[in-house]
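Engineer: The structure's right below; bear with me while I get my questions together.
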Amino acid sequence: MHNLRLYSPARIWRVFILLLTFFLLIRNRERFLWFRPLPPEALRERIVELGASYIKLAQVLATRADFFSPDYLNVLKTLHDELPPMEREAFNTVFGEAFGKRPPFARFDERPIASASIGQVHEAWLQDGTKVAVKLRRLGIEERVRSDIAILKSLHALFRPLFSHYTKNSIEAVIVEFSAMILQEVSLRHEVENLKKFAATYEGQGVLFPEAYEAYCSDDAIVMSFMEGFRFDDKEALQKAGLDFRPVIAKLVDFYAEQMLVKGYFHADPHPGNLLVNDQGELILLDFGMVKRIPNETRVAIIEMIKSAHERDYELYVSSAKRLGVIAYEAPQGELAELVERMFDIFSDDTLSALSMQTLAFEILDSMRDMPFKLPQEAIYILRVSAIIEGLGTTYIENFNGIKDILPVLQKNIPRALGAKDTMLELLFDELKSTPYVLKDLKTTLKQASEGTLKVEMSLHQLGWMTKEARSYAKPIIVSFAAMLGAIFLMLFDPALKEVAALIFALAFLRVIYG
C-alpha cells in the first residue's frame, strides 16, 4: 500500500504541474493552453509539499539565471531542505532500527535541532557524558526518492521533445546528476565515508569537521561530535560575538579555491545550515552527503576561465567555457565575448547598487536565452556552490559579487592549482626530470607525421557538435528517400493514385537534390 501511494495519480499530477511550470519558465512562455505557471510562492510551496527529491532538484535549477527570472530565482534560492520533523511513530521506528533495544545514549533530546529533507538532527549525550549530534534518516526516504526519480524520468520523456537541442541536453544532465547524487545522499554510511575522506584530505586547512563515532553509525543514523558555532548567515550573532566577517568570508572563498582548483574534491552543499563559525572565527563544515570530485580536464578548464577573466581576455574566456562544456562548441565566439565583457563591466562597477547590478545582468541574460548554452554534469554543482557563496557574501558586504570579490582570490590560487613549485630550484629539477619524456614524445610525433599515421584527437564537445550536425543533415535525406520509396510502393499497389505518387516522388527527389 505504501508503495502504491508513492505512485498515486494525485502525486504524479502534482509533479506534472510542477514540471509544466518549470517548462514554461525555461521557455519564457506565459501560458500553455489553459495553464499558467505557478507564481513564485506557490511554486515554493508545491516543491516543499513534494519533498526531498524536488527540493534538491529546485536547488540545482536555482543556479540557472538564464532559465528563470529574478523573482523565481530568489524564491528557489531560499529552499534549504525546509521540512517538518518526522511524526512520533516514524521517529520511533527509525530510532529502533538504528540503535536497537539498547541505545548508547545516557540522554537523547527527541526534539530535532534541524530538520532537512533526507533526515533530522538531534542533540544527545553518550554514556560517558560526551555531547554528540545524531542524524536520523527519514522513514522510507530511499523508497520515496527512487519513486520520485522514476516519475521524474517518465515525465521528462514527455516534455523532452518540446525543448531545443541544448536545453534538453542541459535538463537531462541535471536529472542524471541529481538522481545519482540524491541516491548517494540517502545512504548515511556513504556520508560517513565522505566525512572521513574529506577531513583527511583537508587536514591542516584551518577548517573544522565533526568526527563520526563509527561504531554507532548505520544507513539509518550517524552519531558524530557536536560542533558549537553560529550559522554563517547569522549576521547579528557574529556581530555580538565581535567577529569580523570579512576575514571569515575570505577564508571560505580561499577554502573553496583549494577544493575546486587545487584538490578537485569539494563539498557541494555549503548552504548556511551546513556552515558554522565558532567564537574564534574558525569555519566549521557539516553534512557530507553531497561531495563531488572534479575531473582533471574540468579543473583545467575552470582554471583557464579564471585566468582569462582576470586578464579580461573575453574570447579566451568563451573558449574555456566551451572546453568546460557550458557553451556549445559552435556558439558565436565574438558575440558571446561581447556579452561576457558587458557582464564583467557591470559587476566590476562599484558605483552600481546590488539591485542595479542584478537588473542590468538579467537584461543581458535575457538577451542570451537563445544562445546555445548547455549544462554538463560536472558544472552543475560548481555553479551551485558559486551561487551559494556569492549569496553568503552579500549578507555581509554590500555589492559583493563573484567578479569583484571572489575572482582575485581564485586567481591567486592558480599557480598552486597548476602545480607551481615554491622555489626555482624545485621547478628546474622538475623540468630536468621531464626532459627525456618530452624529447621522446617529440620524436614519436615527428615519426608519425612523416609516415602519415599521426592521429588528431577531438574533444567530446566537438564530437557532440559534429554528431548533431550530421544528424540534422542526414534526417531530411532519410525522410526524402523514405517518401520516394513510399511513392513507388503506392504506384505499384494502386495505379489509380499514380499522379499523387509521382508528385510525392518528385517533391522528395527535389528535396534531396536541393537540400
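In the C-alpha cells, chains take letters A, B, ... by order of appearance, with residues numbered from 1 within each chain and ligands from 1 in the order shown.
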Determine which residues of segment 101-169 of chain A receive a DSSP assignment of helix (DSSP H, G or I), computed from the backbone, and state them as a PyMOL selection string.

Structural biologist: chain A and resi 141-162+165-169

Engineer: Can you spit out the residues from that selection as an mmCIF file, in the first residue's frame, using C-alpha atoms?

Structural biologist:
```cif
data_model
loop_
_atom_site.group_PDB
_atom_site.id
_atom_site.type_symbol
_atom_site.label_atom_id
_atom_site.label_comp_id
_atom_site.auth_asym_id
_atom_site.auth_seq_id
_atom_site.Cartn_x
_atom_site.Cartn_y
_atom_site.Cartn_z
ATOM 1 C CA ILE A 141 13.129 8.087 2.247
ATOM 2 C CA GLU A 142 15.106 5.815 -0.110
ATOM 3 C CA GLU A 143 11.916 4.230 -1.489
ATOM 4 C CA ARG A 144 10.350 7.692 -1.935
ATOM 5 C CA VAL A 145 13.433 9.048 -3.710
ATOM 6 C CA ARG A 146 13.534 6.082 -6.117
ATOM 7 C CA SER A 147 9.842 6.547 -6.947
ATOM 8 C CA ASP A 148 10.406 10.291 -7.474
ATOM 9 C CA ILE A 149 13.262 9.593 -9.884
ATOM 10 C CA ALA A 150 11.069 7.132 -11.838
ATOM 11 C CA ILE A 151 8.215 9.693 -12.068
ATOM 12 C CA LEU A 152 10.641 12.472 -12.991
ATOM 13 C CA LYS A 153 12.282 10.462 -15.780
ATOM 14 C CA SER A 154 8.892 9.417 -17.196
ATOM 15 C CA LEU A 155 7.562 12.977 -17.272
ATOM 16 C CA HIS A 156 10.884 14.268 -18.619
ATOM 17 C CA ALA A 157 10.460 11.902 -21.592
ATOM 18 C CA LEU A 158 7.059 13.560 -22.189
ATOM 19 C CA PHE A 159 8.458 17.119 -22.136
ATOM 20 C CA ARG A 160 11.812 16.401 -23.859
ATOM 21 C CA PRO A 161 10.651 16.898 -27.481
ATOM 22 C CA LEU A 162 9.385 20.397 -26.607
ATOM 23 C CA HIS A 165 18.699 20.546 -28.556
ATOM 24 C CA TYR A 166 20.826 22.371 -25.951
ATOM 25 C CA THR A 167 18.133 22.905 -23.348
ATOM 26 C CA LYS A 168 17.008 19.264 -23.471
ATOM 27 C CA ASN A 169 20.625 18.100 -23.014
#
```

Engineer: Could you give me, as a ChimeraX atom specification, the residues within 9 Å of Leu43 of chain A, counting only C-alpha atoms and dropping anything in the same chain fewer than 2 positions from it?

Structural biologist: /A:18,21,37-41,45-48,72,75-76

Engineer: Go ahead and save the residues from that selection, with all heavy atoms, as a compact mmCIF listing (two decimals), in the first residue's frame.

Structural biologist:
```
# COMPACT_ATOMS: atom_id res chain seq x y z
N LEU A 18 4.20 20.81 -11.54
CA LEU A 18 5.49 21.42 -11.18
C LEU A 18 6.41 21.47 -12.40
O LEU A 18 7.00 22.51 -12.72
CB LEU A 18 6.15 20.61 -10.06
CG LEU A 18 7.57 21.04 -9.67
CD1 LEU A 18 7.55 22.41 -9.02
CD2 LEU A 18 8.21 20.02 -8.73
N THR A 21 5.31 23.95 -14.99
CA THR A 21 5.72 25.30 -14.58
C THR A 21 7.17 25.55 -14.95
O THR A 21 7.52 26.59 -15.53
CB THR A 21 5.51 25.50 -13.06
OG1 THR A 21 4.11 25.47 -12.78
CG2 THR A 21 6.08 26.83 -12.60
N PRO A 37 2.01 29.34 -15.40
CA PRO A 37 2.98 28.87 -14.41
C PRO A 37 2.55 29.25 -12.99
O PRO A 37 1.94 30.29 -12.77
CB PRO A 37 4.27 29.59 -14.79
CG PRO A 37 4.08 30.04 -16.19
CD PRO A 37 2.62 30.25 -16.38
N LEU A 38 2.88 28.39 -12.04
CA LEU A 38 2.61 28.71 -10.63
C LEU A 38 3.37 29.98 -10.25
O LEU A 38 4.54 30.14 -10.64
CB LEU A 38 3.07 27.56 -9.73
CG LEU A 38 2.35 26.21 -9.90
CD1 LEU A 38 3.08 25.13 -9.11
CD2 LEU A 38 0.91 26.31 -9.45
N PRO A 39 2.77 30.91 -9.50
CA PRO A 39 3.50 32.08 -9.02
C PRO A 39 4.67 31.65 -8.12
O PRO A 39 4.67 30.52 -7.60
CB PRO A 39 2.45 32.86 -8.21
CG PRO A 39 1.14 32.30 -8.63
CD PRO A 39 1.37 30.88 -9.04
N PRO A 40 5.68 32.52 -7.91
CA PRO A 40 6.88 32.12 -7.15
C PRO A 40 6.59 31.45 -5.81
O PRO A 40 7.12 30.37 -5.52
CB PRO A 40 7.64 33.43 -6.98
CG PRO A 40 7.24 34.24 -8.17
CD PRO A 40 5.81 33.88 -8.45
N GLU A 41 5.74 32.06 -4.96
CA GLU A 41 5.50 31.49 -3.63
C GLU A 41 4.73 30.17 -3.72
O GLU A 41 4.98 29.24 -2.95
CB GLU A 41 4.74 32.50 -2.75
CG GLU A 41 5.60 33.63 -2.21
CD GLU A 41 6.79 33.13 -1.39
OE1 GLU A 41 6.67 32.08 -0.72
OE2 GLU A 41 7.85 33.79 -1.42
N GLU A 45 5.86 26.47 -2.36
CA GLU A 45 5.01 25.61 -1.51
C GLU A 45 4.83 24.23 -2.14
O GLU A 45 4.86 23.21 -1.44
CB GLU A 45 3.64 26.27 -1.32
CG GLU A 45 3.66 27.48 -0.38
CD GLU A 45 2.33 28.21 -0.35
OE1 GLU A 45 1.33 27.63 -0.82
OE2 GLU A 45 2.30 29.36 0.14
N ARG A 46 4.66 24.18 -3.47
CA ARG A 46 4.49 22.90 -4.16
C ARG A 46 5.77 22.05 -4.02
O ARG A 46 5.71 20.85 -3.79
CB ARG A 46 4.16 23.16 -5.63
CG ARG A 46 4.12 21.90 -6.52
CD ARG A 46 3.06 20.90 -6.06
NE ARG A 46 1.74 21.46 -5.97
CZ ARG A 46 0.88 21.57 -6.98
NH1 ARG A 46 1.22 21.12 -8.17
NH2 ARG A 46 -0.32 22.08 -6.80
N ILE A 47 6.93 22.68 -4.15
CA ILE A 47 8.21 21.96 -4.05
C ILE A 47 8.38 21.38 -2.65
O ILE A 47 8.74 20.21 -2.49
CB ILE A 47 9.38 22.90 -4.40
CG1 ILE A 47 9.34 23.25 -5.89
CG2 ILE A 47 10.72 22.26 -4.06
CD1 ILE A 47 10.24 24.42 -6.27
N VAL A 48 8.11 22.19 -1.62
CA VAL A 48 8.24 21.72 -0.23
C VAL A 48 7.24 20.59 0.03
O VAL A 48 7.57 19.59 0.68
CB VAL A 48 8.04 22.88 0.77
CG1 VAL A 48 7.98 22.37 2.19
CG2 VAL A 48 9.16 23.90 0.63
N TYR A 72 11.57 34.39 -9.48
CA TYR A 72 11.57 32.93 -9.26
C TYR A 72 12.91 32.47 -8.68
O TYR A 72 12.95 31.63 -7.79
CB TYR A 72 11.29 32.19 -10.57
CG TYR A 72 9.82 32.17 -10.92
CD1 TYR A 72 9.28 33.10 -11.80
CD2 TYR A 72 8.96 31.23 -10.37
CE1 TYR A 72 7.93 33.10 -12.12
CE2 TYR A 72 7.61 31.21 -10.69
CZ TYR A 72 7.10 32.14 -11.56
OH TYR A 72 5.76 32.13 -11.86
N VAL A 75 13.19 33.00 -4.94
CA VAL A 75 12.41 32.03 -4.17
C VAL A 75 13.11 30.67 -4.15
O VAL A 75 13.23 30.02 -3.10
CB VAL A 75 10.98 31.91 -4.74
CG1 VAL A 75 10.28 30.68 -4.20
CG2 VAL A 75 10.17 33.14 -4.40
N LEU A 76 13.60 30.21 -5.30
CA LEU A 76 14.26 28.91 -5.37
C LEU A 76 15.52 28.87 -4.50
O LEU A 76 15.85 27.84 -3.92
CB LEU A 76 14.64 28.59 -6.82
CG LEU A 76 13.49 28.30 -7.79
CD1 LEU A 76 14.01 28.08 -9.20
CD2 LEU A 76 12.67 27.10 -7.34
```

Engineer: When you look at Lys131 of chain A with a cut-off of 10 Å (counting only C-alpha atoms), what residues show up, excluding the ones that are within fewer than 3 positions of it in the same chain? I need them as a list of chain:residue names.

Structural biologist: A:Phe105, A:Ala106, A:Arg107, A:Phe108, A:Glu123, A:Ala124, A:Trp125, A:Leu126, A:Gln127, A:Asp128, A:Val134, A:Met224, A:Ser225, A:Phe226, A:Met227

Engineer: May I have the residues from that selection written out with N, CA, C and O atoms, as a compact mmCIF listing (two decimals), in the first residue's frame?

Structural biologist:
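Written file, result-v8.txt:
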```txt
# COMPACT_ATOMS: atom_id res chain seq x y z
N PHE A 105 22.97 5.97 24.43
CA PHE A 105 22.87 7.33 24.95
C PHE A 105 22.42 7.35 26.40
O PHE A 105 21.49 6.64 26.80
N ALA A 106 23.07 8.22 27.18
CA ALA A 106 22.60 8.49 28.54
C ALA A 106 21.39 9.42 28.49
O ALA A 106 20.50 9.35 29.35
N ARG A 107 21.36 10.25 27.45
CA ARG A 107 20.25 11.20 27.28
C ARG A 107 20.10 11.51 25.80
O ARG A 107 21.10 11.64 25.09
N PHE A 108 18.86 11.61 25.33
CA PHE A 108 18.59 11.89 23.92
C PHE A 108 17.43 12.87 23.84
O PHE A 108 16.34 12.60 24.34
N GLU A 123 20.23 16.52 19.44
CA GLU A 123 21.30 16.53 20.46
C GLU A 123 21.17 15.28 21.31
O GLU A 123 20.07 14.83 21.62
N ALA A 124 22.33 14.73 21.71
CA ALA A 124 22.32 13.55 22.59
C ALA A 124 23.63 13.53 23.37
O ALA A 124 24.59 14.25 23.04
N TRP A 125 23.65 12.69 24.42
CA TRP A 125 24.84 12.53 25.25
C TRP A 125 25.13 11.04 25.40
O TRP A 125 24.23 10.25 25.72
N LEU A 126 26.38 10.65 25.13
CA LEU A 126 26.77 9.25 25.30
C LEU A 126 26.86 8.90 26.78
O LEU A 126 26.77 9.78 27.65
N GLN A 127 27.06 7.64 27.07
CA GLN A 127 27.11 7.17 28.47
C GLN A 127 28.21 7.85 29.28
O GLN A 127 28.09 8.04 30.49
N ASP A 128 29.32 8.24 28.60
CA ASP A 128 30.42 8.90 29.32
C ASP A 128 30.22 10.41 29.42
O ASP A 128 31.12 11.14 29.86
N VAL A 134 23.18 13.59 16.48
CA VAL A 134 22.69 12.34 15.88
C VAL A 134 21.79 12.69 14.70
O VAL A 134 20.78 13.37 14.87
N MET A 224 27.91 11.73 15.64
CA MET A 224 29.16 12.48 15.44
C MET A 224 29.34 13.51 16.53
O MET A 224 28.39 13.86 17.25
N SER A 225 30.55 14.01 16.65
CA SER A 225 30.85 15.04 17.66
C SER A 225 29.99 16.28 17.41
O SER A 225 29.72 16.63 16.26
N PHE A 226 29.58 16.91 18.50
CA PHE A 226 28.72 18.09 18.39
C PHE A 226 29.59 19.33 18.18
O PHE A 226 30.49 19.61 18.98
N MET A 227 29.34 20.05 17.10
CA MET A 227 30.14 21.24 16.77
C MET A 227 29.37 22.50 17.16
O MET A 227 28.27 22.74 16.64
```

Engineer: To one decimal in Å, tell me the separation between atom CA of Pro85 of chain A and atom CA of Phe22 of chain A.

Structural biologist: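 Pair atom CA of Pro85 of chain A / atom CA of Phe22 of chain A returns 27.7 Å.
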
Engineer: I need the residue nearest Arg231 of chain A from this list: A:Ile478, A:Leu261, A:Ala215, A:Leu392. Use only C-alpha atoms for the distance.

Structural biologist: A:Leu392

Engineer: Might you pull out every residue within 12 Å of Gln184 of chain A, with only C-alpha atoms counted and same-chain residues fewer than 2 positions away left off, and present them as a ChimeraX atom specification?

Structural biologist: /A:118,142,145-146,177-182,186-194,219,288-292

Engineer: So that I have them on file, write out the residues from the current selection with N, CA and C atoms, as a compact mmCIF listing (two decimals), in the first residue's frame.

Structural biologist:
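As written to disk, part_28.txt reads:
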```
# COMPACT_ATOMS: atom_id res chain seq x y z
N ILE A 118 16.32 14.82 3.86
CA ILE A 118 16.83 13.44 3.98
C ILE A 118 16.74 12.95 5.41
N GLU A 142 14.47 6.38 1.08
CA GLU A 142 15.11 5.81 -0.11
C GLU A 142 14.05 5.34 -1.12
N VAL A 145 12.52 8.43 -2.74
CA VAL A 145 13.43 9.05 -3.71
C VAL A 145 13.46 8.25 -5.01
N ARG A 146 13.51 6.92 -4.91
CA ARG A 146 13.53 6.08 -6.12
C ARG A 146 12.24 6.25 -6.92
N GLU A 177 22.54 13.82 -13.06
CA GLU A 177 23.43 14.14 -11.94
C GLU A 177 22.67 14.17 -10.62
N PHE A 178 21.49 14.79 -10.66
CA PHE A 178 20.66 14.88 -9.46
C PHE A 178 20.26 13.49 -8.96
N SER A 179 19.89 12.60 -9.88
CA SER A 179 19.47 11.23 -9.50
C SER A 179 20.61 10.47 -8.83
N ALA A 180 21.80 10.55 -9.44
CA ALA A 180 22.96 9.85 -8.89
C ALA A 180 23.33 10.40 -7.51
N MET A 181 23.30 11.73 -7.38
CA MET A 181 23.73 12.35 -6.13
C MET A 181 22.75 12.09 -4.99
N ILE A 182 21.45 12.20 -5.27
CA ILE A 182 20.48 12.05 -4.17
C ILE A 182 20.41 10.60 -3.69
N VAL A 186 21.04 9.56 0.34
CA VAL A 186 20.13 8.88 1.26
C VAL A 186 20.81 7.73 2.00
N SER A 187 22.04 7.40 1.63
CA SER A 187 22.81 6.40 2.38
C SER A 187 23.71 7.12 3.38
N LEU A 188 23.39 7.01 4.67
CA LEU A 188 24.18 7.71 5.67
C LEU A 188 25.55 7.05 5.86
N ARG A 189 25.69 5.78 5.53
CA ARG A 189 27.02 5.15 5.55
C ARG A 189 27.93 5.83 4.53
N HIS A 190 27.36 6.14 3.38
CA HIS A 190 28.13 6.84 2.34
C HIS A 190 28.56 8.21 2.83
N GLU A 191 27.70 8.89 3.58
CA GLU A 191 28.05 10.20 4.14
C GLU A 191 29.20 10.09 5.13
N VAL A 192 29.20 9.05 5.95
CA VAL A 192 30.30 8.85 6.91
C VAL A 192 31.62 8.68 6.16
N GLU A 193 31.62 7.89 5.08
CA GLU A 193 32.84 7.70 4.29
C GLU A 193 33.31 9.02 3.68
N ASN A 194 32.36 9.82 3.18
CA ASN A 194 32.70 11.15 2.64
C ASN A 194 33.34 12.03 3.71
N ASP A 219 23.14 2.91 7.99
CA ASP A 219 22.44 3.62 6.91
C ASP A 219 21.33 4.50 7.45
N PHE A 288 27.96 15.88 4.85
CA PHE A 288 28.82 15.45 3.74
C PHE A 288 28.11 14.48 2.80
N GLY A 289 26.79 14.64 2.68
CA GLY A 289 26.03 13.81 1.76
C GLY A 289 26.34 14.14 0.31
N MET A 290 26.70 15.41 0.02
CA MET A 290 26.97 15.84 -1.35
C MET A 290 28.43 16.28 -1.46
N VAL A 291 29.28 15.35 -1.81
CA VAL A 291 30.70 15.63 -2.03
C VAL A 291 31.04 15.17 -3.44
N LYS A 292 31.71 16.01 -4.21
CA LYS A 292 31.98 15.71 -5.62
C LYS A 292 33.47 15.78 -5.93
```

Engineer: Which residues come within 12 Å of Glu338 of chain A, counting only C-alpha atoms, excluding same-chain residues fewer than 3 positions away, as a PyMOL selection string?

Structural biologist: chain A and resi 312-318+332-335+341-345+364+368

Engineer: Put those residues in a file: N, CA and C atoms, as a PDB file, in the first residue's frame.

Structural biologist:
```
ATOM      1  N   ARG A 312      40.956  39.790 -18.524  1.00  0.00           N
ATOM      2  CA  ARG A 312      39.949  40.409 -19.396  1.00  0.00           C
ATOM      3  C   ARG A 312      40.132  39.981 -20.865  1.00  0.00           C
ATOM      4  N   ASP A 313      40.526  38.742 -21.053  1.00  0.00           N
ATOM      5  CA  ASP A 313      40.620  38.177 -22.400  1.00  0.00           C
ATOM      6  C   ASP A 313      39.328  37.391 -22.636  1.00  0.00           C
ATOM      7  N   TYR A 314      38.296  38.083 -23.153  1.00  0.00           N
ATOM      8  CA  TYR A 314      36.967  37.505 -23.171  1.00  0.00           C
ATOM      9  C   TYR A 314      36.789  36.416 -24.232  1.00  0.00           C
ATOM     10  N   GLU A 315      37.527  36.526 -25.333  1.00  0.00           N
ATOM     11  CA  GLU A 315      37.448  35.461 -26.339  1.00  0.00           C
ATOM     12  C   GLU A 315      38.043  34.162 -25.797  1.00  0.00           C
ATOM     13  N   LEU A 316      39.153  34.286 -25.069  1.00  0.00           N
ATOM     14  CA  LEU A 316      39.746  33.105 -24.430  1.00  0.00           C
ATOM     15  C   LEU A 316      38.807  32.566 -23.348  1.00  0.00           C
ATOM     16  N   TYR A 317      38.100  33.480 -22.665  1.00  0.00           N
ATOM     17  CA  TYR A 317      37.133  33.072 -21.638  1.00  0.00           C
ATOM     18  C   TYR A 317      36.029  32.218 -22.268  1.00  0.00           C
ATOM     19  N   VAL A 318      35.525  32.646 -23.413  1.00  0.00           N
ATOM     20  CA  VAL A 318      34.472  31.888 -24.104  1.00  0.00           C
ATOM     21  C   VAL A 318      35.011  30.535 -24.566  1.00  0.00           C
ATOM     22  N   PRO A 332      28.676  31.468 -31.348  1.00  0.00           N
ATOM     23  CA  PRO A 332      29.447  32.570 -31.957  1.00  0.00           C
ATOM     24  C   PRO A 332      30.409  33.211 -30.957  1.00  0.00           C
ATOM     25  N   GLN A 333      31.705  33.067 -31.226  1.00  0.00           N
ATOM     26  CA  GLN A 333      32.748  33.492 -30.288  1.00  0.00           C
ATOM     27  C   GLN A 333      32.692  34.995 -30.006  1.00  0.00           C
ATOM     28  N   GLY A 334      32.682  35.800 -31.086  1.00  0.00           N
ATOM     29  CA  GLY A 334      32.747  37.247 -30.925  1.00  0.00           C
ATOM     30  C   GLY A 334      31.547  37.814 -30.194  1.00  0.00           C
ATOM     31  N   GLU A 335      30.349  37.371 -30.577  1.00  0.00           N
ATOM     32  CA  GLU A 335      29.116  37.877 -29.958  1.00  0.00           C
ATOM     33  C   GLU A 335      29.063  37.538 -28.470  1.00  0.00           C
ATOM     34  N   GLU A 341      31.847  40.530 -21.761  1.00  0.00           N
ATOM     35  CA  GLU A 341      32.521  41.777 -21.382  1.00  0.00           C
ATOM     36  C   GLU A 341      31.549  42.746 -20.723  1.00  0.00           C
ATOM     37  N   ARG A 342      30.352  42.847 -21.285  1.00  0.00           N
ATOM     38  CA  ARG A 342      29.327  43.718 -20.691  1.00  0.00           C
ATOM     39  C   ARG A 342      28.968  43.260 -19.282  1.00  0.00           C
ATOM     40  N   MET A 343      28.865  41.948 -19.083  1.00  0.00           N
ATOM     41  CA  MET A 343      28.540  41.404 -17.761  1.00  0.00           C
ATOM     42  C   MET A 343      29.648  41.724 -16.752  1.00  0.00           C
ATOM     43  N   PHE A 344      30.911  41.557 -17.171  1.00  0.00           N
ATOM     44  CA  PHE A 344      32.038  41.849 -16.283  1.00  0.00           C
ATOM     45  C   PHE A 344      32.088  43.332 -15.925  1.00  0.00           C
ATOM     46  N   ASP A 345      31.793  44.194 -16.899  1.00  0.00           N
ATOM     47  CA  ASP A 345      31.804  45.632 -16.631  1.00  0.00           C
ATOM     48  C   ASP A 345      30.758  46.005 -15.582  1.00  0.00           C
ATOM     49  N   ILE A 364      20.929  41.337 -19.744  1.00  0.00           N
ATOM     50  CA  ILE A 364      21.895  40.664 -20.624  1.00  0.00           C
ATOM     51  C   ILE A 364      21.570  39.183 -20.722  1.00  0.00           C
ATOM     52  N   MET A 368      20.505  36.527 -23.927  1.00  0.00           N
ATOM     53  CA  MET A 368      21.310  35.335 -24.215  1.00  0.00           C
ATOM     54  C   MET A 368      20.488  34.046 -24.184  1.00  0.00           C
TER      55      MET A 368
END
```

Engineer: Give the answer as one residue: which of A:Asn92, A:Ser8, A:Thr395, A:Asn274 has the shortest atom-to-atom distance to Asp233 of chain A, using only C-alpha atoms?

Structural biologist: A:Thr395

Engineer: If I take atom CA of Leu285 of chain A and atom CA of Phe209 of chain A, how far is one from the other in Å, to one decimal?

Structural biologist: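 Computed distance, atom CA of Leu285 of chain A to atom CA of Phe209 of chain A, equals 5.6 Å.
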
Engineer: Using only C-alpha atoms, which protein or nucleic acid residues come within 7 Å of segment 278-282 of chain A? Drop anything in the same chain fewer than 4 positions from it, and give the result as a list of chain:residue names.

Structural biologist: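 Counting only C-alpha atoms, the residues come to A:Val207, A:Glu228, A:Gly229, A:Phe230, A:Ala241, A:Leu243, A:Val248.
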
Engineer: Between atom CA of Lys307 of chain A and atom CA of Glu398 of chain A, what is the distance in Å, rounded to a tenth?

Structural biologist: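 Computing it gives 25.2 Å between the two atoms.
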
Engineer: My list of candidates is A:Met86, A:Leu276, A:Gln411, A:Val94. Which is closest to Ala237 of chain A when distances are computed with only C-alpha atoms?

Structural biologist: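 Smallest separation from Ala237 of chain A among the options: A:Leu276.
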